[in-house]
>>> print(open('my_file-v8.pdb').read())   # PDB, C-alpha atoms, pLDDT in the B column
ATOM      1  CA  MET A   1       0.000   0.000   0.000  1.00 31.00           C
ATOM      2  CA  PRO A   2       1.570   3.367  -0.968  1.00 35.00           C
ATOM      3  CA  SER A   3       2.216   5.706   1.912  1.00 37.00           C
ATOM      4  CA  ALA A   4       1.841   9.473   2.019  1.00 40.00           C
ATOM      5  CA  ALA A   5       5.058   9.530   4.010  1.00 40.00           C
ATOM      6  CA  ILE A   6       8.193  11.197   2.802  1.00 40.00           C
ATOM      7  CA  GLN A   7      11.223   9.175   3.790  1.00 41.00           C
ATOM      8  CA  PRO A   8      13.971  11.023   5.648  1.00 41.00           C
ATOM      9  CA  GLY A   9      17.032  11.798   3.588  1.00 39.00           C
ATOM     10  CA  THR A  10      15.195  11.778   0.249  1.00 39.00           C
ATOM     11  CA  ALA A  11      15.145  14.789  -2.039  1.00 34.00           C
ATOM     12  CA  GLU A  12      11.585  15.553  -0.878  1.00 46.00           C
ATOM     13  CA  ALA A  13      12.375  15.519   2.849  1.00 53.00           C
ATOM     14  CA  THR A  14      12.467  18.989   4.359  1.00 84.00           C
ATOM     15  CA  PRO A  15      14.823  20.126   7.116  1.00 89.00           C
ATOM     16  CA  ARG A  16      11.810  20.535   9.431  1.00 88.00           C
ATOM     17  CA  LEU A  17      10.668  16.969   8.754  1.00 93.00           C
ATOM     18  CA  ASP A  18      14.207  15.718   9.320  1.00 93.00           C
ATOM     19  CA  GLU A  19      14.328  17.693  12.602  1.00 93.00           C
ATOM     20  CA  ALA A  20      11.016  16.189  13.756  1.00 94.00           C
ATOM     21  CA  ILE A  21      12.203  12.661  12.900  1.00 94.00           C
ATOM     22  CA  ALA A  22      15.486  13.239  14.759  1.00 94.00           C
ATOM     23  CA  ARG A  23      13.577  14.423  17.869  1.00 93.00           C
ATOM     24  CA  LEU A  24      11.350  11.351  17.693  1.00 94.00           C
ATOM     25  CA  ARG A  25      14.419   9.084  17.461  1.00 94.00           C
ATOM     26  CA  SER A  26      16.285  10.934  20.235  1.00 95.00           C
ATOM     27  CA  THR A  27      13.482  10.127  22.685  1.00 94.00           C
ATOM     28  CA  GLY A  28      13.654   6.414  21.913  1.00 94.00           C
ATOM     29  CA  HIS A  29      10.488   6.243  19.830  1.00 94.00           C
ATOM     30  CA  ARG A  30      10.368   4.115  16.717  1.00 93.00           C
ATOM     31  CA  VAL A  31      10.302   5.945  13.406  1.00 95.00           C
ATOM     32  CA  THR A  32       7.675   4.203  11.288  1.00 94.00           C
ATOM     33  CA  GLU A  33       6.088   5.064   7.964  1.00 94.00           C
ATOM     34  CA  PRO A  34       2.769   6.029   9.622  1.00 95.00           C
ATOM     35  CA  ARG A  35       4.574   8.340  12.075  1.00 95.00           C
ATOM     36  CA  ILE A  36       6.535   9.962   9.259  1.00 94.00           C
ATOM     37  CA  ALA A  37       3.256  10.391   7.380  1.00 95.00           C
ATOM     38  CA  MET A  38       1.694  12.084  10.453  1.00 95.00           C
ATOM     39  CA  LEU A  39       4.646  14.446  10.859  1.00 95.00           C
ATOM     40  CA  ASN A  40       4.525  15.269   7.169  1.00 93.00           C
ATOM     41  CA  ALA A  41       0.769  15.884   7.400  1.00 94.00           C
ATOM     42  CA  LEU A  42       1.252  18.316  10.291  1.00 93.00           C
ATOM     43  CA  LEU A  43       3.858  20.168   8.231  1.00 90.00           C
ATOM     44  CA  ARG A  44       1.632  20.294   5.139  1.00 89.00           C
ATOM     45  CA  LEU A  45      -1.501  21.388   7.002  1.00 86.00           C
ATOM     46  CA  GLN A  46       0.287  24.465   8.395  1.00 73.00           C
ATOM     47  CA  ALA A  47      -2.471  24.925  10.975  1.00 79.00           C
ATOM     48  CA  PRO A  48      -3.489  23.047  14.106  1.00 85.00           C
ATOM     49  CA  ALA A  49      -5.433  19.925  13.096  1.00 90.00           C
ATOM     50  CA  SER A  50      -7.747  17.425  14.760  1.00 93.00           C
ATOM     51  CA  MET A  51      -6.890  13.735  14.870  1.00 95.00           C
ATOM     52  CA  GLU A  52      -9.494  13.132  12.190  1.00 94.00           C
ATOM     53  CA  GLN A  53      -7.950  15.783   9.908  1.00 93.00           C
ATOM     54  CA  ILE A  54      -4.510  14.248  10.362  1.00 96.00           C
ATOM     55  CA  HIS A  55      -5.929  10.789   9.628  1.00 96.00           C
ATOM     56  CA  SER A  56      -7.697  11.918   6.467  1.00 94.00           C
ATOM     57  CA  THR A  57      -4.556  13.722   5.277  1.00 93.00           C
ATOM     58  CA  ILE A  58      -2.418  10.586   5.440  1.00 92.00           C
ATOM     59  CA  ALA A  59      -4.910   8.651   3.297  1.00 83.00           C
ATOM     60  CA  GLY A  60      -4.677   5.066   4.434  1.00 85.00           C
ATOM     61  CA  ALA A  61      -1.173   5.029   5.937  1.00 90.00           C
ATOM     62  CA  CYS A  62      -2.720   3.721   9.196  1.00 93.00           C
ATOM     63  CA  ASP A  63      -5.960   3.551  11.135  1.00 93.00           C
ATOM     64  CA  LEU A  64      -7.389   6.297  13.350  1.00 94.00           C
ATOM     65  CA  VAL A  65      -6.425   4.470  16.566  1.00 95.00           C
ATOM     66  CA  THR A  66      -2.769   4.526  15.479  1.00 95.00           C
ATOM     67  CA  VAL A  67      -3.052   8.272  14.830  1.00 96.00           C
ATOM     68  CA  TYR A  68      -4.450   8.825  18.346  1.00 96.00           C
ATOM     69  CA  ARG A  69      -1.717   6.715  19.972  1.00 96.00           C
ATOM     70  CA  SER A  70       1.165   8.129  17.930  1.00 97.00           C
ATOM     71  CA  ILE A  71       0.134  11.772  18.193  1.00 97.00           C
ATOM     72  CA  GLY A  72      -0.485  11.265  21.924  1.00 95.00           C
ATOM     73  CA  ALA A  73       3.057   9.918  22.330  1.00 96.00           C
ATOM     74  CA  MET A  74       4.405  12.879  20.346  1.00 96.00           C
ATOM     75  CA  VAL A  75       2.528  15.269  22.660  1.00 93.00           C
ATOM     76  CA  GLU A  76       4.066  13.557  25.717  1.00 91.00           C
ATOM     77  CA  ILE A  77       7.620  14.096  24.406  1.00 92.00           C
ATOM     78  CA  GLY A  78       6.896  17.706  23.393  1.00 89.00           C
ATOM     79  CA  LEU A  79       7.216  17.143  19.646  1.00 93.00           C
ATOM     80  CA  VAL A  80       3.546  17.978  19.062  1.00 93.00           C
ATOM     81  CA  ARG A  81       1.630  20.732  20.849  1.00 89.00           C
ATOM     82  CA  ARG A  82      -2.039  20.207  21.796  1.00 90.00           C
ATOM     83  CA  LEU A  83      -4.349  23.219  21.534  1.00 84.00           C
ATOM     84  CA  PHE A  84      -8.074  23.536  21.951  1.00 82.00           C
ATOM     85  CA  ALA A  85     -10.744  25.128  19.801  1.00 78.00           C
ATOM     86  CA  LYS A  86     -13.464  27.108  21.563  1.00 73.00           C
ATOM     87  CA  ASN A  87     -15.767  24.075  21.483  1.00 78.00           C
ATOM     88  CA  GLY A  88     -13.118  21.944  23.235  1.00 80.00           C
ATOM     89  CA  THR A  89     -11.910  20.034  20.181  1.00 85.00           C
ATOM     90  CA  ALA A  90      -8.252  19.065  20.607  1.00 89.00           C
ATOM     91  CA  LEU A  91      -6.055  20.322  17.787  1.00 89.00           C
ATOM     92  CA  HIS A  92      -2.419  19.473  17.172  1.00 92.00           C
ATOM     93  CA  GLU A  93       0.606  21.100  15.577  1.00 89.00           C
ATOM     94  CA  LEU A  94       4.317  20.421  15.439  1.00 90.00           C
ATOM     95  CA  ALA A  95       6.171  22.058  18.318  1.00 87.00           C
ATOM     96  CA  LEU A  96       9.503  22.628  16.605  1.00 84.00           C
ATOM     97  CA  GLU A  97       9.679  26.262  17.682  1.00 75.00           C
ATOM     98  CA  PRO A  98       9.706  26.921  21.425  1.00 66.00           C
ATOM     99  CA  GLU A  99       6.838  29.422  21.585  1.00 68.00           C
ATOM    100  CA  ARG A 100       3.813  29.792  19.393  1.00 70.00           C
ATOM    101  CA  TYR A 101       0.626  31.449  20.490  1.00 74.00           C
ATOM    102  CA  HIS A 102      -2.767  31.420  18.799  1.00 71.00           C
ATOM    103  CA  VAL A 103      -5.900  33.471  18.567  1.00 74.00           C
ATOM    104  CA  VAL A 104      -9.231  31.648  18.445  1.00 73.00           C
ATOM    105  CA  THR A 105     -12.162  33.562  16.980  1.00 74.00           C
ATOM    106  CA  ARG A 106     -15.278  33.362  19.094  1.00 70.00           C
ATOM    107  CA  SER A 107     -17.637  32.886  16.171  1.00 68.00           C
ATOM    108  CA  GLY A 108     -15.769  30.814  13.644  1.00 56.00           C
ATOM    109  CA  GLU A 109     -13.588  28.548  15.775  1.00 58.00           C
ATOM    110  CA  VAL A 110     -10.633  29.633  13.619  1.00 60.00           C
ATOM    111  CA  LEU A 111      -7.204  29.148  15.163  1.00 64.00           C
ATOM    112  CA  SER A 112      -4.572  31.467  13.732  1.00 68.00           C
ATOM    113  CA  PRO A 113      -0.998  31.922  14.889  1.00 67.00           C
ATOM    114  CA  VAL A 114      -0.211  35.186  16.615  1.00 70.00           C
ATOM    115  CA  GLU A 115       2.727  36.522  14.647  1.00 66.00           C
ATOM    116  CA  ALA A 116       3.890  38.921  17.333  1.00 64.00           C
ATOM    117  CA  VAL A 117       6.958  37.810  19.237  1.00 66.00           C
ATOM    118  CA  PRO A 118       6.260  37.574  22.961  1.00 70.00           C
ATOM    119  CA  SER A 119       7.798  40.401  24.943  1.00 75.00           C
ATOM    120  CA  PRO A 120      10.727  39.751  27.281  1.00 80.00           C
ATOM    121  CA  GLU A 121       8.362  40.464  30.195  1.00 84.00           C
ATOM    122  CA  MET A 122       5.928  37.804  28.986  1.00 80.00           C
ATOM    123  CA  ARG A 123       8.731  35.265  28.538  1.00 81.00           C
ATOM    124  CA  LEU A 124       9.978  36.017  32.076  1.00 87.00           C
ATOM    125  CA  ALA A 125       6.474  35.656  33.526  1.00 88.00           C
ATOM    126  CA  VAL A 126       5.903  32.309  31.798  1.00 85.00           C
ATOM    127  CA  GLN A 127       9.363  31.105  32.861  1.00 88.00           C
ATOM    128  CA  ALA A 128       8.647  32.126  36.462  1.00 93.00           C
ATOM    129  CA  VAL A 129       5.437  30.077  36.495  1.00 92.00           C
ATOM    130  CA  GLU A 130       7.196  27.064  34.947  1.00 91.00           C
ATOM    131  CA  ASP A 131      10.072  27.342  37.449  1.00 93.00           C
ATOM    132  CA  ALA A 132       7.619  27.588  40.364  1.00 95.00           C
ATOM    133  CA  LEU A 133       5.832  24.431  39.190  1.00 94.00           C
ATOM    134  CA  ARG A 134       9.122  22.556  38.847  1.00 94.00           C
ATOM    135  CA  ALA A 135      10.119  23.716  42.355  1.00 96.00           C
ATOM    136  CA  ARG A 136       6.881  22.167  43.637  1.00 96.00           C
ATOM    137  CA  GLY A 137       7.863  18.840  42.041  1.00 96.00           C
ATOM    138  CA  TYR A 138       6.049  18.963  38.730  1.00 93.00           C
ATOM    139  CA  ALA A 139       7.914  17.415  35.784  1.00 88.00           C
ATOM    140  CA  GLY A 140       7.495  17.829  32.035  1.00 81.00           C
ATOM    141  CA  VAL A 141       6.143  21.350  32.453  1.00 82.00           C
ATOM    142  CA  ARG A 142       4.906  22.885  29.199  1.00 77.00           C
ATOM    143  CA  HIS A 143       2.462  25.659  28.425  1.00 78.00           C
ATOM    144  CA  VAL A 144      -0.101  26.708  25.841  1.00 75.00           C
ATOM    145  CA  ILE A 145      -1.274  30.274  25.581  1.00 77.00           C
ATOM    146  CA  GLN A 146      -4.322  31.046  23.484  1.00 75.00           C
ATOM    147  CA  PHE A 147      -6.140  34.310  22.957  1.00 76.00           C
ATOM    148  CA  PHE A 148      -9.856  34.500  22.217  1.00 76.00           C
ATOM    149  CA  ALA A 149     -11.279  37.356  20.160  1.00 78.00           C
ATOM    150  CA  ASP A 150     -13.973  38.381  17.750  1.00 79.00           C
ATOM    151  CA  ALA A 151     -12.806  38.089  14.153  1.00 76.00           C
ATOM    152  CA  PRO A 152     -11.759  41.386  12.580  1.00 77.00           C
ATOM    153  CA  THR A 153     -14.433  43.044  10.500  1.00 77.00           C
ATOM    154  CA  VAL A 154     -13.692  43.544   6.846  1.00 70.00           C
ATOM    155  CA  LYS A 155     -13.960  47.190   5.905  1.00 70.00           C
ATOM    156  CA  SER A 156     -15.632  47.853   2.574  1.00 63.00           C
ATOM    157  CA  LYS A 157     -14.124  50.389   0.225  1.00 61.00           C
TER     158      LYS A 157
END
>>> encode(input="my_file-v8.pdb", output="structure tokens")
Amino acid sequence: MPSAAIQPGTAEATPRLDEAIARLRSTGHRVTEPRIAMLNALLRLQAPASMEQIHSTIAGACDLVTVYRSIGAMVEIGLVRRLFAKNGTALHELALEPERYHVVTRSGEVLSPVEAVPSPEMRLAVQAVEDALRARGYAGVRHVIQFFADAPTVKSK
């Protein structure tokens, strides 16, 4: 059965895909064709996606249960970031960059990345909270920051 996966090291493999595969390997996880297909799907989608969207994007590379298990494992190791739409739907994106914040529109459930770079004060505040949690014994501390807003209105000319 043909896979939607792009094999690492081939002409089609991107540096970001290679980086994601290396992070998966470095944590002791197996690198399989379905997992490569999922990583590639997350790169191609370029927006947070539900498990069902990821599954439909990889077109038969594996079943939905495998997508849930594999993406869940990738969330646990910090390779994939889990976000939530306003209605509570879990969405997923690659977490190759350390910080990425989103805005969720109240009406349309649209998740869009916030392009603004967090201020040094915001980074310090988040770091202080993470450090405080670690000091209390928490491990694997990560964060997700989402903003909720009404979608901008389109001005007519």
>>> atom_distance(input="my_file-v8.pdb", atom1="CA of Leu124 in chain A", atom2="CA of Arg136 in chain A")
18.3 Å
>>> atom_distance(input="my_file-v8.pdb", atom1="CA of Tyr101 in chain A", atom2="CA of Pro118 in chain A")
8.7 Å
>>> resolve_selection(input="my_file-v8.pdb", expression="the PyMOL selection byres ((chain A and resi 42-56) around 10)", output="PyMOL selection string")
chain A and resi 14+16-17+20+34+36-41+57-68+71-72+80-85+89-94+102+110-113
>>> atom_distance(input="my_file-v8.pdb", atom1="CA of Arg142 in chain A", atom2="CA of Glu33 in chain A")
27.7 Å
>>> residues_around(input="my_file-v8.pdb", residues="Val31 in chain A", least_positions_apart="6", cutoff="10 Å", atoms="only C-alpha atoms", output="PyMOL selection string")
chain A and resi 8+21-22+24-25
>>> axis_aligned_box(input="my_file-v8.pdb", around="range 28-36 of chain A", padding_each_side="6 Å", output="lines of an AutoDock Vina configuration file")
center_x = 8.2
center_y = 7.0
center_z = 14.9
size_x = 22.9
size_y = 17.8
size_z = 25.9
>>> closest_residue(input="my_file-v8.pdb", among="A:Gly137, A:His143, A:Glu19, A:Val154", to="Ala125 in chain A", atoms="only C-alpha atoms")
A:His143
